[in-house]
>>> print(open('entry.tsv').read())   # TSV, C-alpha atoms and all ligand atoms
chain	number	residue	atom	x	y	z
A	219	MET	CA	112.25	90.10	122.30
A	220	THR	CA	111.96	93.12	119.98
A	221	VAL	CA	111.35	96.46	121.64
A	222	PRO	CA	108.39	98.14	119.92
A	223	LEU	CA	109.03	101.42	118.09
A	224	ILE	CA	106.48	104.25	117.81
A	225	VAL	CA	107.43	107.11	115.48
A	226	GLY	CA	105.59	110.36	114.87
A	227	ASN	CA	106.01	111.93	111.43
A	228	TRP	CA	104.96	115.56	111.71
A	229	LYS	CA	105.33	116.17	107.97
A	230	MET	CA	105.00	119.89	107.05
A	231	ASN	CA	103.01	120.74	110.17
A	232	THR	CA	103.52	122.70	113.41
A	233	PHE	CA	104.62	126.23	114.10
A	234	ARG	CA	107.72	126.64	116.22
A	235	GLU	CA	106.06	126.93	119.62
A	236	GLU	CA	103.65	124.07	118.87
A	237	ALA	CA	106.60	121.93	117.86
A	238	MET	CA	108.42	122.68	121.11
A	239	ALA	CA	105.38	121.85	123.25
A	240	LEU	CA	104.69	118.67	121.29
A	241	ALA	CA	108.34	117.63	121.53
A	242	ARG	CA	108.32	118.08	125.31
A	243	ALA	CA	105.14	116.00	125.61
A	244	CYS	CA	106.64	113.24	123.42
A	245	ALA	CA	109.81	113.30	125.53
A	246	GLN	CA	107.65	112.83	128.62
A	247	ALA	CA	105.79	109.94	126.98
A	248	SER	CA	109.10	108.35	126.08
A	249	GLU	CA	110.45	108.76	129.62
A	250	SER	CA	107.29	107.26	131.09
A	251	VAL	CA	107.75	103.96	129.23
A	252	GLY	CA	111.51	103.71	129.79
A	253	GLN	CA	113.27	100.92	127.92
A	254	SER	CA	110.06	99.04	127.13
A	255	VAL	CA	109.18	101.14	124.06
A	256	ASN	CA	111.39	103.19	121.71
A	257	VAL	CA	109.79	106.48	120.70
A	258	GLY	CA	110.84	108.82	117.90
A	259	VAL	CA	109.63	112.00	116.22
A	260	CYS	CA	110.39	113.53	112.81
A	261	PRO	CA	109.83	117.28	112.96
A	262	PRO	CA	110.21	119.58	109.93
A	263	PHE	CA	113.89	120.40	109.20
A	264	PRO	CA	113.93	123.93	110.73
A	265	TRP	CA	112.71	122.57	114.09
A	266	LEU	CA	115.35	119.87	114.45
A	267	VAL	CA	117.78	122.12	116.31
A	268	PRO	CA	115.29	123.68	118.76
A	269	VAL	CA	113.51	120.36	119.29
A	270	LYS	CA	116.83	118.70	120.10
A	271	GLU	CA	117.45	121.40	122.71
A	272	ALA	CA	113.91	121.12	124.08
A	273	ILE	CA	114.10	117.36	124.65
A	274	GLY	CA	117.55	117.49	126.27
A	275	ASP	CA	118.82	114.07	127.27
A	276	SER	CA	115.39	112.40	127.08
A	277	PRO	CA	115.35	108.95	125.42
A	278	LEU	CA	113.07	110.39	122.70
A	279	GLN	CA	114.79	109.75	119.36
A	280	LEU	CA	115.00	112.55	116.83
A	281	GLY	CA	114.58	111.72	113.16
A	282	ALA	CA	114.60	113.53	109.81
A	283	GLN	CA	111.78	113.11	107.30
A	284	ASP	CA	114.18	112.69	104.40
A	285	CYS	CA	117.82	113.06	103.38
A	286	ALA	CA	119.62	113.77	100.12
A	287	ALA	CA	120.61	111.01	97.73
A	288	ALA	CA	124.00	112.61	97.14
A	289	GLU	CA	126.79	113.16	99.63
A	290	LYS	CA	127.23	116.94	99.06
A	291	GLY	CA	127.36	119.58	96.37
A	292	ALA	CA	125.06	121.57	94.10
A	293	PHE	CA	121.67	120.22	95.21
A	294	THR	CA	119.60	123.28	96.10
A	295	GLY	CA	117.07	122.58	98.80
A	296	ASP	CA	118.44	119.16	99.75
A	297	VAL	CA	119.94	118.26	103.13
A	298	ALA	CA	122.83	115.81	103.31
A	299	ALA	CA	122.67	112.82	105.62
A	300	SER	CA	126.00	113.87	107.16
A	301	MET	CA	124.46	117.24	108.17
A	302	LEU	CA	121.53	115.47	109.79
A	303	ALA	CA	123.74	113.01	111.63
A	304	ASN	CA	124.80	115.78	114.03
A	305	LEU	CA	121.21	116.18	115.16
A	306	CYS	CA	119.29	113.01	114.42
A	307	SER	CA	119.64	109.33	115.12
A	308	PHE	CA	117.54	108.26	112.13
A	309	THR	CA	115.86	109.38	108.93
A	310	LEU	CA	112.81	108.28	106.98
A	311	VAL	CA	113.57	107.24	103.40
A	312	GLY	CA	111.12	106.63	100.56
A	313	HIS	CA	107.97	107.94	102.23
A	314	SER	CA	105.10	107.69	99.73
A	315	GLU	CA	104.70	111.47	99.74
A	316	ARG	CA	108.30	111.75	98.51
A	317	ARG	CA	107.69	109.05	95.92
A	318	THR	CA	104.46	110.72	94.74
A	319	HIS	CA	105.13	114.47	94.97
A	320	HIS	CA	108.86	114.37	94.21
A	321	SER	CA	108.87	111.41	91.82
A	322	GLU	CA	111.38	109.53	93.94
A	323	THR	CA	112.39	106.23	92.43
A	324	ASP	CA	113.55	102.98	93.98
A	325	GLU	CA	117.07	103.95	92.94
A	326	ASP	CA	116.72	107.24	94.85
A	327	THR	CA	115.72	105.34	97.98
A	328	ARG	CA	118.71	103.04	97.55
A	329	GLN	CA	121.08	106.01	97.34
A	330	LYS	CA	119.46	107.78	100.28
A	331	THR	CA	119.66	104.66	102.40
A	332	GLU	CA	123.31	104.26	101.45
A	333	GLN	CA	124.11	107.90	102.31
A	334	ALA	CA	122.26	107.71	105.62
A	335	ILE	CA	124.09	104.59	106.72
A	336	LYS	CA	127.42	106.02	105.64
A	337	ALA	CA	126.68	109.08	107.79
A	338	GLY	CA	125.87	106.90	110.82
A	339	LEU	CA	122.10	107.34	110.75
A	340	ASN	CA	119.52	104.62	111.20
A	341	VAL	CA	116.98	104.33	108.38
A	342	ILE	CA	113.25	103.75	108.33
A	343	LEU	CA	112.61	102.61	104.76
A	344	CYS	CA	108.96	103.28	103.87
A	345	VAL	CA	107.24	101.00	101.38
A	346	GLY	CA	103.66	100.44	100.31
A	347	GLU	CA	101.36	99.88	97.36
A	348	THR	CA	98.79	102.27	95.88
A	349	GLU	CA	95.10	101.40	95.75
A	350	GLN	CA	95.42	100.67	92.03
A	351	GLU	CA	98.35	98.33	92.58
A	352	ARG	CA	96.41	96.51	95.28
A	353	SER	CA	93.31	96.11	93.15
A	354	ARG	CA	95.47	94.71	90.34
A	355	GLY	CA	96.80	92.10	92.76
A	356	ASP	CA	100.28	93.63	92.69
A	357	ALA	CA	100.58	94.76	96.32
A	358	GLU	CA	103.11	92.11	97.36
A	359	SER	CA	105.29	92.42	94.29
A	360	VAL	CA	105.42	96.23	94.62
A	361	VAL	CA	106.40	96.11	98.28
A	362	ARG	CA	108.97	93.36	97.69
A	363	ARG	CA	110.48	95.35	94.81
A	364	GLN	CA	110.69	98.53	96.90
A	365	ILE	CA	112.42	96.67	99.72
A	366	SER	CA	114.81	94.80	97.49
A	367	ALA	CA	115.83	98.03	95.71
A	368	GLY	CA	115.95	100.21	98.82
A	369	LEU	CA	118.19	97.76	100.69
A	370	ARG	CA	120.44	96.82	97.77
A	371	SER	CA	123.47	98.58	99.26
A	372	VAL	CA	122.89	97.44	102.84
A	373	GLY	CA	125.39	94.87	104.01
A	374	ASP	CA	125.03	92.38	106.86
A	375	HIS	CA	126.95	94.62	109.27
A	376	ASP	CA	124.44	97.49	108.72
A	377	VAL	CA	121.31	95.44	109.33
A	378	THR	CA	120.88	96.81	112.86
A	379	ARG	CA	120.43	100.29	111.34
A	380	ILE	CA	117.35	99.30	109.33
A	381	THR	CA	113.63	99.49	110.09
A	382	ILE	CA	110.91	98.89	107.49
A	383	ALA	CA	107.63	100.81	107.58
A	384	TYR	CA	104.82	99.18	105.62
A	385	GLU	CA	102.47	102.00	104.72
A	386	PRO	CA	99.82	101.21	102.12
A	387	VAL	CA	99.43	104.47	100.20
A	388	TRP	CA	95.61	104.20	100.23
A	389	ALA	CA	95.66	104.22	104.04
A	390	ILE	CA	97.90	107.28	104.51
A	391	GLY	CA	96.01	110.36	105.62
A	392	THR	CA	92.68	108.89	104.52
A	393	GLY	CA	91.27	107.79	107.87
A	394	ILE	CA	90.89	104.33	106.32
A	395	ALA	CA	93.49	102.16	107.99
A	396	ALA	CA	94.39	98.73	106.65
A	397	THR	CA	92.94	95.80	108.54
A	398	GLU	CA	95.05	93.99	111.08
A	399	GLY	CA	95.09	91.09	108.61
A	400	ASP	CA	96.37	93.28	105.73
A	401	ALA	CA	99.14	94.63	107.96
A	402	SER	CA	100.25	91.30	109.34
A	403	ASN	CA	100.04	89.50	105.98
A	404	MET	CA	102.32	92.06	104.35
A	405	ALA	CA	104.61	92.20	107.39
A	406	THR	CA	104.97	88.42	107.10
A	407	VAL	CA	105.86	88.68	103.40
A	408	ILE	CA	108.44	91.36	104.29
A	409	ARG	CA	109.86	89.28	107.14
A	410	ARG	CA	110.34	86.30	104.82
A	411	ASP	CA	112.27	88.40	102.33
A	412	LEU	CA	114.45	89.89	105.07
A	413	GLU	CA	115.18	86.42	106.33
A	414	VAL	CA	116.35	85.31	102.89
A	415	ARG	CA	118.42	88.45	102.38
A	416	PHE	CA	120.08	88.77	105.79
A	417	ALA	CA	119.83	85.25	107.27
A	418	ALA	CA	120.16	85.22	111.06
A	419	SER	CA	120.65	88.97	111.43
A	420	HIS	CA	117.19	89.81	110.01
A	421	GLY	CA	115.75	89.54	113.54
A	422	SER	CA	117.03	92.99	114.50
A	423	ILE	CA	114.94	94.67	111.75
A	424	ARG	CA	111.66	96.00	113.03
A	425	ILE	CA	108.62	96.20	110.77
A	426	LEU	CA	106.23	99.08	111.46
A	427	TYR	CA	102.71	99.62	110.20
A	428	GLY	CA	101.66	103.11	109.06
A	429	GLY	CA	98.52	104.58	107.50
A	430	SER	CA	95.76	106.16	109.60
A	431	ALA	CA	97.10	104.54	112.76
A	432	ASN	CA	95.59	106.22	115.81
A	433	ASP	CA	94.95	105.75	119.51
A	434	LYS	CA	91.84	103.65	118.78
A	435	ASN	CA	93.45	101.08	116.48
A	436	ALA	CA	97.04	101.11	117.81
A	437	ALA	CA	96.64	98.12	120.13
A	438	THR	CA	95.17	95.98	117.35
A	439	PHE	CA	98.07	96.68	114.99
A	440	LEU	CA	100.63	96.22	117.73
A	441	ALA	CA	99.16	92.78	118.47
A	442	ALA	CA	99.36	91.75	114.80
A	443	SER	CA	101.99	89.15	114.03
A	444	ASN	CA	105.26	90.51	112.64
A	445	VAL	CA	104.23	94.13	113.36
A	446	ASP	CA	106.79	95.70	115.73
A	447	GLY	CA	105.54	99.26	115.93
A	448	LEU	CA	103.83	102.17	114.19
A	449	LEU	CA	104.68	105.10	111.96
A	450	VAL	CA	102.09	107.74	112.78
A	451	GLY	CA	101.19	110.87	110.81
A	452	SER	CA	98.20	112.96	111.83
A	453	ALA	CA	97.65	111.25	115.19
A	454	SER	CA	101.20	112.24	116.17
A	455	LEU	CA	100.37	115.95	116.01
A	456	LEU	CA	98.47	115.90	119.29
A	457	ALA	CA	100.21	114.90	122.50
A	458	GLU	CA	97.31	112.94	123.97
A	459	PRO	CA	96.60	110.37	121.24
A	460	PHE	CA	100.31	109.95	120.53
A	461	THR	CA	101.06	109.32	124.20
A	462	ALA	CA	98.21	106.80	124.30
A	463	MET	CA	99.74	104.99	121.34
A	464	VAL	CA	103.13	104.88	123.06
A	465	HIS	CA	101.48	103.38	126.14
A	466	ALA	CA	99.56	100.88	123.98
A	467	ALA	CA	102.95	99.49	122.95
A	468	THR	CA	104.05	98.61	126.51
A	501	LIG	P1	98.79	109.09	108.68
A	501	LIG	O1	100.25	109.20	108.00
A	501	LIG	O2	98.98	108.45	110.02
A	501	LIG	O3	98.30	110.51	108.77
A	501	LIG	O4	97.97	108.25	107.78
A	501	LIG	C1	101.17	108.15	108.14
A	501	LIG	C2	102.43	108.46	107.42
A	501	LIG	O5	102.38	109.14	106.38
A	501	LIG	O6	103.53	108.08	107.85
>>> encode(input="entry.tsv", output="structure tokens", more="lines below")
Ligand code: PGA
Amino acid sequence: MTVPLIVGNWKMNTFREEAMALARACAQASESVGQSVNVGVCPPFPWLVPVKEAIGDSPLQLGAQDCAAAEKGAFTGDVAASMLANLCSFTLVGHSERRTHHSETDEDTRQKTEQAIKAGLNVILCVGETEQERSRGDAESVVRRQISAGLRSVGDHDVTRITIAYEPVWAIGTGIAATEGDASNMATVIRRDLEVRFAASHGSIRILYGGSANDKNAATFLAASNVDGLLVGSASLLAEPFTAMVHAAT
């Protein structure tokens, strides 16, 4: 059986001391559920080092919010996957805020995924359609295209490093979550594609739902078929709701 995964994406939030306190609370939440739930957090880059120290040898997994598409060199402001691999066990790739505000393309997500895997990181590949794409009836084709492109360089032996987060763009940060049906329908489409691409090994890939997930709706999404966990933005910035979501996954 798949172990559920709950990940908090702090985005560009938290001051240093807040981040430390939140990290310690998340570490506690992770310890309290033991092996039954995997828990991760993605703090802003400057907090990765102090957060790693604050959580010590807790099972809480540390992740980056992004990594560079190139291996090294003249890329001002970017952070290479190999630099992150000393601190983190995983990185997000292709979050809709990167695609929207930084014009990231499918090809960028492919390169980032490739770099991350090469550096030994696990990858959470984020995919999801905009409201316009959904109303045009293109939601499935957009998500399938993003997955196919993002995973193009992933071979069978790297499948265990991959997680997919289905995050409809219209649900992110809006307070309007998808329905359980929307989430499980798309997760089923994604699962079918993974099955075709990776045959038997697709089973190790977890599919998360993200987009206004919170402590009130977590249990519903976690019960949805083919949904193996949650990628949480704003509700991960407070220890109490995030801990409740971790416990909802047990
Ligand atoms: P949200 O963000 O939970 O605040 O909607 C989710 C995400 O961007 O991963």
>>> residues_near_ligand(input="entry.tsv", ligand="ligand LIG 501 (chain A)", cutoff="7 Å", atoms="only C-alpha atoms and all ligand atoms", output="list in words")
Asn227, Glu385, Ala389, Ile390, Gly391, Thr392, Gly393, Gly428, Gly429, Ser430, Ala431, Leu449, Val450, Gly451, Ser452 and Ala453 of chain A
>>> residues_around(input="entry.tsv", residues="stretch 454-462 of chain A", least_positions_apart="5", cutoff="6 Å", atoms="all atoms listed in the file", output="list in words")
Gly226, Leu240, Ala243, Ala247 and Asp433 of chain A
>>> atom_distance(input="entry.tsv", atom1="atom CA of A:Trp265", atom2="atom CA of A:Phe308")
15.2 Å
>>> closest_residue(input="entry.tsv", among="A:Ser250, A:Ser402, A:Thr327, A:Thr220", to="A:His420", atoms="all atoms listed in the file")
A:Thr220
>>> atom_distance(input="entry.tsv", atom1="atom CA of A:Asn256", atom2="atom CA of A:Cys244")
11.2 Å
>>> atom_distance(input="entry.tsv", atom1="atom CA of A:Ile380", atom2="atom CA of A:Arg352")
25.4 Å
>>> residues_near_point(input="entry.tsv", point="(111.0, 99.4, 97.8)", cutoff="10 Å", atoms="only C-alpha atoms", output="list of chain:residue names")
A:Val311, A:Gly312, A:Thr323, A:Asp324, A:Glu325, A:Thr327, A:Arg328, A:Leu343, A:Cys344, A:Val345, A:Gly346, A:Glu347, A:Ser359, A:Val360, A:Val361, A:Arg362, A:Arg363, A:Gln364, A:Ile365, A:Ser366, A:Ala367, A:Gly368, A:Leu369, A:Arg370, A:Ile382, A:Tyr384
>>> closest_residue(input="entry.tsv", among="A:Asn231, A:Asn444, A:Ser254, A:Gln329", to="A:Glu289", atoms="all atoms listed in the file")
A:Gln329
>>> residues_around(input="entry.tsv", residues="A:Asp284", least_positions_apart="3", cutoff="10 Å", atoms="all atoms listed in the file", output="mmCIF file with C-alpha atoms, in the frame of the given file")
data_model
loop_
_atom_site.group_PDB
_atom_site.id
_atom_site.type_symbol
_atom_site.label_atom_id
_atom_site.label_comp_id
_atom_site.auth_asym_id
_atom_site.auth_seq_id
_atom_site.Cartn_x
_atom_site.Cartn_y
_atom_site.Cartn_z
ATOM 1 C CA CYS A 260 110.390 113.530 112.810
ATOM 2 C CA PRO A 262 110.210 119.580 109.930
ATOM 3 C CA PHE A 263 113.890 120.400 109.200
ATOM 4 C CA GLY A 281 114.580 111.720 113.160
ATOM 5 C CA ALA A 287 120.610 111.010 97.730
ATOM 6 C CA ASP A 296 118.440 119.160 99.750
ATOM 7 C CA VAL A 297 119.940 118.260 103.130
ATOM 8 C CA ALA A 298 122.830 115.810 103.310
ATOM 9 C CA ALA A 299 122.670 112.820 105.620
ATOM 10 C CA LEU A 302 121.530 115.470 109.790
ATOM 11 C CA PHE A 308 117.540 108.260 112.130
ATOM 12 C CA THR A 309 115.860 109.380 108.930
ATOM 13 C CA LEU A 310 112.810 108.280 106.980
ATOM 14 C CA VAL A 311 113.570 107.240 103.400
ATOM 15 C CA GLY A 312 111.120 106.630 100.560
ATOM 16 C CA HIS A 313 107.970 107.940 102.230
ATOM 17 C CA ARG A 316 108.300 111.750 98.510
ATOM 18 C CA THR A 327 115.720 105.340 97.980
ATOM 19 C CA LYS A 330 119.460 107.780 100.280
ATOM 20 C CA THR A 331 119.660 104.660 102.400
ATOM 21 C CA ALA A 334 122.260 107.710 105.620
ATOM 22 C CA VAL A 341 116.980 104.330 108.380
ATOM 23 C CA ILE A 342 113.250 103.750 108.330
#
>>> closest_residue(input="entry.tsv", among="A:Trp228, A:Ala401, A:Ile394, A:Asp374", to="A:Val414", atoms="only C-alpha atoms")
A:Asp374
>>> residues_around(input="entry.tsv", residues="A:Leu280", least_positions_apart="5", cutoff="9 Å", atoms="all atoms listed in the file", output="number ranges by chain")
A: 257-261, 266, 269-270, 305-309
>>> closest_residue(input="entry.tsv", among="A:Arg415, A:Ile224, A:Met404, A:Met230", to="A:Ala436", atoms="all atoms listed in the file")
A:Ile224
>>> residues_around(input="entry.tsv", residues="A:Glu315", least_positions_apart="5", cutoff="9 Å", atoms="all atoms listed in the file", output="PyMOL selection string")
chain A and resi 320-321+387
>>> write_last_selection(input="entry.tsv", atoms="C-alpha atoms", output="PDB file, in the coordinates of the input")
ATOM      1  CA  HIS A 320     108.860 114.370  94.210  1.00  0.00           C
ATOM      2  CA  SER A 321     108.870 111.410  91.820  1.00  0.00           C
ATOM      3  CA  VAL A 387      99.430 104.470 100.200  1.00  0.00           C
TER       4      VAL A 387
END
>>> residues_near_point(input="entry.tsv", point="(105.2, 97.9, 114.0)", cutoff="6 Å", atoms="only C-alpha atoms", output="mmCIF file with C-alpha atoms, keeping the file's coordinate frame")
data_model
loop_
_atom_site.group_PDB
_atom_site.id
_atom_site.type_symbol
_atom_site.label_atom_id
_atom_site.label_comp_id
_atom_site.auth_asym_id
_atom_site.auth_seq_id
_atom_site.Cartn_x
_atom_site.Cartn_y
_atom_site.Cartn_z
ATOM 1 C CA ILE A 425 108.620 96.200 110.770
ATOM 2 C CA LEU A 426 106.230 99.080 111.460
ATOM 3 C CA TYR A 427 102.710 99.620 110.200
ATOM 4 C CA VAL A 445 104.230 94.130 113.360
ATOM 5 C CA ASP A 446 106.790 95.700 115.730
ATOM 6 C CA GLY A 447 105.540 99.260 115.930
ATOM 7 C CA LEU A 448 103.830 102.170 114.190
#
>>> closest_residue(input="entry.tsv", among="A:Thr294, A:Ser300, A:Gln350, A:Ser314", to="A:Ala337", atoms="only C-alpha atoms")
A:Ser300
>>> closest_residue(input="entry.tsv", among="A:Ser443, A:Gln333, A:Thr348, A:Ser276", to="A:Met301", atoms="all atoms listed in the file")
A:Gln333
>>> axis_aligned_box(input="entry.tsv", around="stretch 376-386 of chain A", padding_each_side="6 Å", output="AutoDock Vina command-line options")
--center_x 112.1 --center_y 98.7 --center_z 107.5 --size_x 36.6 --size_y 18.6 --size_z 22.7
